[in-house]
Amino acid sequence: MKEKVVKVPLSVDERWDLIERISKQTVEFGARKHTLKDAIAELTVKPLTGIPVAIAVIYGFWSFFVDFAGTLFTDGFMVRLFDEHWLPWLQSVFPGGLGNKFYALMVDAGHLEEGVRVASDNCFEAFGVLTSGLFVVFGVVLWAVLAFYLMFAILEDVGYLPRLAVLVDTVLHKIGLHGYAIVPTFLSLGCNVPGVTATRPLETRKQRFMMMTLLAIFVPCGAQIGIMQDLVPEMMGWIFLTLAIGYLGFGFILNKIVPGKSPEIIMDVPPYQMPTLRNIGRKLWIRTSRFLLVAVPFVLLGCLIVGLMYLTGAMDWLAAVLGPLLMGWFGVPAETVAPLIAGFLRKDLAVGMLGGLMEQGIMTTFQVFTSVILLCIYFPCLATFALMLKEENWKEILGSLASLIAMVFVYGGLIHLVGIMLGVA
Amino acid sequence: MKILLMGHPNVGKSVFFNRLTGAKVFESNYPGTTVDFMKGWMRLEGEDVELIDVPGAFSLEPKDRAEEVAVKMLAENRDSVVVCVLDASKIERGLYLALEIIERGYPVVVALNMWDVAEDKNIKIEVEKLEQILGVPVVPTTAISGEGFKELVSKITEAAPVKIEKIIETAGGVSVAASAGEGEGGKSAAVS
């Protein structure tokens with residue numbers, strides 16, 4: 001009989017050996033039954049059936065997003081509430097009136113029509129903190145974010161995302177990314193901040209750097225998508241196509257020039273589960289409240305800063321300085337300087353301001369398209385950037401910024417060029 | 001006393017957490033990192049006890065930032081009971097983590113979660129036998145439908161630290177071949 005001295009902690013082998021002994025005595029692996037769950041699991045992973053399922057799921061996701069957030073809440077209810085009741089009411093009761101500086105900041109700056117300052121008749125145009133600011137957050141973006149997170153939580157809890165990742169793995173391998181990349185990308189479509197967080201399971205610095213840079217540049221967030229959908233619904237297809245081409249193309253280039261390895265990621269594919277109402281409700285609450293916590297102050301602050309820049313003449317000065325570059329290289333009017341400034345803080349506010357410019361009729365359709373794309377790619381919003389500062393080291397931050405600047409000029413110029421060749425720019 | 005909820009990623013830990021805690025939960029950031037974790041309270045024998053949802057970890061030898069945080073949180077909360085959530089259909093790899101926690105001297109309750117999945121896969125686990133070998137409470141649960149939670153909660157106060165030597169003894173010892181085959185110093189030595 002051997003007497004053993006056990007040293008704690010056990011070695012890895014000893015622990016596995018112990019587990020094997022325990023499991024031999026307590027676990028019995030019977031013949032596997034092929035259950036309905038297994039059948040569904042296979043259908044969604046095998047390419048022949050999985051791709052149509054993926055398309056159907058994404059289409060369903062998008063339809064819900066557009067119909068629930070856009071048509072039902074924003075167009076059906078919020079636009080009317082804000083434009084027909086909130087704005088006129090504020091215009092009538094707020095002290096000061098058109099031309100007053102404080103009134104312009106808070107309610108309505110108005111705009112010049114044949115030399116006469118006239119009041120705005122919708123919340124995109126008004127640019128005030130209490131009008132455009134609140135409208136962007138509570139009229140449009142909140143519903144988009146809510147719809148997105150509801151659908152996302154369901155997909156997450158059912159267990160569909162890892163299967164989608166397995167499905168797109170081969171395609172993404174071609175640009176040096178892995179199927180897992182679909183998870184941070186998808187999540188970023190809600191908000192880039194959790195998207196960046198979701199890059200953590202990536203193993204090497206190269207993978208994380210590539211992923212974060214691609215997310216920050218090419219993936220618009222739910223807030224932005226919501227307001228784009230409200231403003232230019234007919235362009236959404238083209239916008240997503242342009243961004244997707246940029247994402248894949250630039251990913252391919254980054255993979256070639258960034259040093260480091262990109263090892264395969266082993267992913268865990270959990271079985272399908274029935275989602276519980278409680279869990280979904282809780283996730284929805286946490287994510288949405290967190291969104292409001294970030295969005296409300298930033299949007300209102302952004303409104304205020306841009307308003308002040310208009311009032312002090314700083315905006316006109318910037319427009320005059322940057323105008324030639326904007327017009328010459330990107331083919332967009334100097335006035336887009338204002339949304340570009342706002343975009344540092346919040347992308348949804350920036351696109352909303354673009355809406356104001358569109359209402360004034362100073363942009364062609366193609367210019368609107370180019371501006372929307374520029375707003376997506378030129379800088380991640382402040383919250384995302386702050387997180388990247390925490391996640392990346394200074395070398396990587398410089399790398400991200402350099403890629404960003406190069407990308408904006410190359411891709412923005414390219415879009416302009418295509419526009420010129422097509423004769424629409 | 002605190003309760004730490006630990007387990008692999010994807011074993012239904014967050015559903016578990018939601019089932020156990022009340023409406024007041026906080027998502028916090030682990031200082032100095034970007035890893036977030038959830039914190040809440042549960043009623044245990046008339047008292048409010050803090051429950052922490054530790055980031056998912058495969059083992060206590062950290063391979064990524066979330067695992068690093070998990071190890072640190074465990075070390076910082078010496079007075080905790082650990083509820084170790086296992087995927088019952090992949091019980092062996094879950095036991096690895098559970099044993100590591102037991103070795104460090106924590107009172108552990110093992111939850112065999114995803115019990116329904118294990119049943120689907122026709123995996124039969126003798127819970128009583130497992131409980132007897134490990135010397136800690138073992139409870140089958142299905143977090144999604146809420147089965148087994150009442151029993152789990154009632155077992156938390158029963159949890160007590162167990163010596164790993166005792167587990168090895170009841171399991172029938174560690175084979176000499178496995179440990180001797182290591183050939184490295186510092187591992188357990190078989191003395192005749």
# chains A, B, ... in the order shown; residues from 1 in each chain; ligands from 1

call {"tool": "closest_atom_pairs", "arguments": {"of": "chain A", "to": "chain B", "cutoff": "8 Å", "atoms": "only C-alpha atoms", "output": "Markdown table"}}
result
| residue | atom | partner | partner_atom | distance |
| --- | --- | --- | --- | --- |
| A:Met1 | CA | B:Ser192 | CA | 7.9 |
| A:Lys2 | CA | B:Ser192 | CA | 5.3 |
| A:Glu3 | CA | B:Ser192 | CA | 6.0 |
| A:Lys4 | CA | B:Ala190 | CA | 5.3 |
| A:Val5 | CA | B:Ala189 | CA | 6.3 |
| A:Val6 | CA | B:Ser188 | CA | 5.4 |
| A:Lys7 | CA | B:Ser188 | CA | 4.9 |
| A:Val8 | CA | B:Glu103 | CA | 6.8 |
| A:Pro9 | CA | B:Glu103 | CA | 6.3 |
| A:Leu10 | CA | B:Ser188 | CA | 7.3 |
| A:Ser11 | CA | B:Lys187 | CA | 6.4 |
| A:Asp13 | CA | B:Ala178 | CA | 6.3 |
| A:Glu14 | CA | B:Ser179 | CA | 6.0 |
| A:Arg15 | CA | B:Tyr96 | CA | 6.9 |
| A:Trp16 | CA | B:Tyr96 | CA | 7.1 |
| A:Asp17 | CA | B:Val174 | CA | 6.4 |
| A:Leu18 | CA | B:Val174 | CA | 5.9 |
| A:Ile19 | CA | B:Glu92 | CA | 6.4 |
| A:Glu20 | CA | B:Glu92 | CA | 7.6 |
| A:Arg21 | CA | B:Ala171 | CA | 6.3 |
| A:Ile22 | CA | B:Ala171 | CA | 5.9 |
| A:Ser23 | CA | B:Glu92 | CA | 7.0 |
| A:Gln25 | CA | B:Lys129 | CA | 7.8 |
| A:Thr26 | CA | B:Glu126 | CA | 5.0 |
| A:Val27 | CA | B:Ile125 | CA | 4.5 |
| A:Glu28 | CA | B:Lys124 | CA | 5.0 |
| A:Phe29 | CA | B:Ile123 | CA | 4.6 |
| A:Gly30 | CA | B:Asn122 | CA | 5.0 |
| A:Ala31 | CA | B:Asn122 | CA | 6.4 |
| A:Arg32 | CA | B:Lys121 | CA | 5.2 |
| A:Lys33 | CA | B:Lys121 | CA | 6.2 |
| A:Thr35 | CA | B:Asp120 | CA | 7.1 |
| A:Thr197 | CA | B:Thr34 | CA | 7.5 |
| A:Arg200 | CA | B:Arg65 | CA | 7.5 |
| A:Pro201 | CA | B:Asp64 | CA | 7.1 |
| A:Glu203 | CA | B:Asp64 | CA | 7.9 |
| A:Asp268 | CA | B:Asn10 | CA | 7.7 |
| A:Pro270 | CA | B:Asn10 | CA | 6.5 |
| A:Pro271 | CA | B:Val117 | CA | 7.6 |
| A:Gln273 | CA | B:Ile144 | CA | 7.7 |
| A:Met274 | CA | B:Ile144 | CA | 7.1 |
| A:Pro275 | CA | B:Ile144 | CA | 7.2 |
| A:Thr276 | CA | B:Ile144 | CA | 6.4 |
| A:Arg278 | CA | B:Asn18 | CA | 7.7 |
| A:Asn279 | CA | B:Val15 | CA | 6.1 |
| A:Arg282 | CA | B:Asn18 | CA | 7.9 |
| A:Lys390 | CA | B:Thr34 | CA | 7.5 |
| A:Glu391 | CA | B:Thr34 | CA | 7.3 |

call {"tool": "residues_around", "arguments": {"residues": "region 72-82 of chain A", "least_positions_apart": "3", "cutoff": "8 Å", "atoms": "only C-alpha atoms", "output": "ChimeraX atom specification"}}
result
/A:67-69,85-87,122-123,131,135,139-140,143,230

call {"tool": "residues_around", "arguments": {"residues": "Tyr149 (chain A)", "least_positions_apart": "4", "cutoff": "10 Å", "atoms": "only C-alpha atoms", "output": "list of chain:residue names"}}
result
A:Phe65, A:Trp143, A:Ala144, A:Val145, A:Ala153, A:Ile154, A:Leu155, A:Glu156, A:Leu187, A:Leu189, A:Gly190, A:Cys191, A:Gly222, A:Ile280, A:Lys283, A:Leu284, A:Trp285, A:Arg287, A:Thr288

call {"tool": "write_last_selection", "arguments": {"atoms": "N, CA and C atoms", "output": "mmCIF file, in the first residue's frame"}}
result
data_model
loop_
_atom_site.group_PDB
_atom_site.id
_atom_site.type_symbol
_atom_site.label_atom_id
_atom_site.label_comp_id
_atom_site.auth_asym_id
_atom_site.auth_seq_id
_atom_site.Cartn_x
_atom_site.Cartn_y
_atom_site.Cartn_z
ATOM 1 N N PHE A 65 -36.091 46.824 -36.353
ATOM 2 C CA PHE A 65 -35.406 48.071 -36.015
ATOM 3 C C PHE A 65 -36.096 49.249 -36.711
ATOM 4 N N TRP A 143 -35.235 55.158 -29.107
ATOM 5 C CA TRP A 143 -36.049 54.061 -29.648
ATOM 6 C C TRP A 143 -35.227 53.125 -30.495
ATOM 7 N N ALA A 144 -34.294 53.723 -31.237
ATOM 8 C CA ALA A 144 -33.416 52.888 -32.060
ATOM 9 C C ALA A 144 -32.563 51.991 -31.159
ATOM 10 N N VAL A 145 -32.010 52.583 -30.114
ATOM 11 C CA VAL A 145 -31.146 51.828 -29.219
ATOM 12 C C VAL A 145 -31.938 50.739 -28.493
ATOM 13 N N ALA A 153 -30.302 41.223 -27.397
ATOM 14 C CA ALA A 153 -30.372 40.400 -26.183
ATOM 15 C C ALA A 153 -31.020 39.055 -26.493
ATOM 16 N N ILE A 154 -32.044 39.071 -27.333
ATOM 17 C CA ILE A 154 -32.712 37.809 -27.682
ATOM 18 C C ILE A 154 -31.730 36.899 -28.424
ATOM 19 N N LEU A 155 -31.058 37.449 -29.453
ATOM 20 C CA LEU A 155 -30.098 36.636 -30.203
ATOM 21 C C LEU A 155 -29.000 36.095 -29.288
ATOM 22 N N GLU A 156 -28.562 36.942 -28.371
ATOM 23 C CA GLU A 156 -27.509 36.571 -27.443
ATOM 24 C C GLU A 156 -27.959 35.419 -26.544
ATOM 25 N N LEU A 187 -22.121 43.913 -31.989
ATOM 26 C CA LEU A 187 -22.370 44.669 -30.768
ATOM 27 C C LEU A 187 -22.120 46.155 -30.992
ATOM 28 N N LEU A 189 -22.670 47.783 -33.609
ATOM 29 C CA LEU A 189 -23.799 48.374 -34.323
ATOM 30 C C LEU A 189 -24.819 48.927 -33.329
ATOM 31 N N GLY A 190 -24.750 48.478 -32.085
ATOM 32 C CA GLY A 190 -25.572 49.082 -31.042
ATOM 33 C C GLY A 190 -24.848 50.276 -30.468
ATOM 34 N N CYS A 191 -23.637 50.025 -29.976
ATOM 35 C CA CYS A 191 -22.811 51.103 -29.442
ATOM 36 C C CYS A 191 -21.375 50.619 -29.531
ATOM 37 N N GLY A 222 -25.803 52.297 -33.113
ATOM 38 C CA GLY A 222 -27.259 52.254 -33.231
ATOM 39 C C GLY A 222 -27.879 53.637 -33.233
ATOM 40 N N ILE A 280 -33.682 39.061 -20.273
ATOM 41 C CA ILE A 280 -33.721 40.031 -21.375
ATOM 42 C C ILE A 280 -34.085 41.403 -20.836
ATOM 43 N N LYS A 283 -31.084 42.937 -19.028
ATOM 44 C CA LYS A 283 -30.050 43.397 -19.958
ATOM 45 C C LYS A 283 -30.465 44.691 -20.643
ATOM 46 N N LEU A 284 -31.729 44.691 -21.066
ATOM 47 C CA LEU A 284 -32.261 45.842 -21.784
ATOM 48 C C LEU A 284 -32.184 47.081 -20.900
ATOM 49 N N TRP A 285 -32.562 46.916 -19.652
ATOM 50 C CA TRP A 285 -32.572 48.022 -18.713
ATOM 51 C C TRP A 285 -31.154 48.545 -18.479
ATOM 52 N N ARG A 287 -28.400 48.186 -20.320
ATOM 53 C CA ARG A 287 -27.766 48.781 -21.489
ATOM 54 C C ARG A 287 -28.398 50.113 -21.865
ATOM 55 N N THR A 288 -29.731 50.167 -21.789
ATOM 56 C CA THR A 288 -30.392 51.403 -22.191
ATOM 57 C C THR A 288 -30.114 52.518 -21.196
#

call {"tool": "closest_residue", "arguments": {"among": "B:Arg43, B:Lys72, B:Lys90, B:His8", "to": "Val153 (chain B)", "atoms": "only C-alpha atoms"}}
result
B:Arg43

call {"tool": "closest_residue", "arguments": {"among": "B:Leu44, B:Val81, B:Met6, B:Ala88", "to": "Gly56 (chain B)", "atoms": "only C-alpha atoms"}}
result
B:Met6

call {"tool": "residues_around", "arguments": {"residues": "region 395-397 of chain A", "least_positions_apart": "3", "cutoff": "12 Å", "atoms": "only C-alpha atoms", "output": "number ranges by chain"}}
result
A: 205-213, 216, 258-259, 385-392, 400-404

call {"tool": "write_last_selection", "arguments": {"atoms": "C-alpha atoms", "output": "mmCIF file, in the first residue's frame"}}
result
data_model
loop_
_atom_site.group_PDB
_atom_site.id
_atom_site.type_symbol
_atom_site.label_atom_id
_atom_site.label_comp_id
_atom_site.auth_asym_id
_atom_site.auth_seq_id
_atom_site.Cartn_x
_atom_site.Cartn_y
_atom_site.Cartn_z
ATOM 1 C CA ARG A 205 -2.443 42.472 -29.622
ATOM 2 C CA LYS A 206 -2.531 42.513 -33.400
ATOM 3 C CA GLN A 207 -6.015 41.062 -33.474
ATOM 4 C CA ARG A 208 -7.293 43.468 -30.877
ATOM 5 C CA PHE A 209 -5.670 46.457 -32.524
ATOM 6 C CA MET A 210 -7.103 45.559 -35.923
ATOM 7 C CA MET A 211 -10.522 44.906 -34.504
ATOM 8 C CA MET A 212 -10.680 48.119 -32.483
ATOM 9 C CA THR A 213 -9.447 50.227 -35.376
ATOM 10 C CA ALA A 216 -13.901 52.724 -34.544
ATOM 11 C CA VAL A 258 0.412 45.239 -38.883
ATOM 12 C CA PRO A 259 3.124 43.048 -37.388
ATOM 13 C CA PHE A 385 -12.039 57.025 -27.953
ATOM 14 C CA ALA A 386 -11.712 57.288 -24.172
ATOM 15 C CA LEU A 387 -12.162 53.539 -23.891
ATOM 16 C CA MET A 388 -9.579 52.911 -26.619
ATOM 17 C CA LEU A 389 -7.124 55.059 -24.681
ATOM 18 C CA LYS A 390 -7.568 52.660 -21.809
ATOM 19 C CA GLU A 391 -7.406 49.497 -23.886
ATOM 20 C CA GLU A 392 -4.510 50.279 -26.213
ATOM 21 C CA SER A 400 -5.090 53.799 -34.740
ATOM 22 C CA LEU A 401 -5.072 57.556 -35.207
ATOM 23 C CA ALA A 402 -2.697 57.333 -38.166
ATOM 24 C CA SER A 403 -4.833 54.668 -39.829
ATOM 25 C CA LEU A 404 -7.854 56.783 -39.125
#

call {"tool": "closest_residue", "arguments": {"among": "A:Pro297, A:Gly423, A:Gly246, A:Pro184", "to": "Ala383 (chain A)", "atoms": "only C-alpha atoms"}}
result
A:Pro297

call {"tool": "atom_distance", "arguments": {"atom1": "CA of Glu45 (chain B)", "atom2": "CA of Pro140 (chain B)"}}
result
21.4 Å
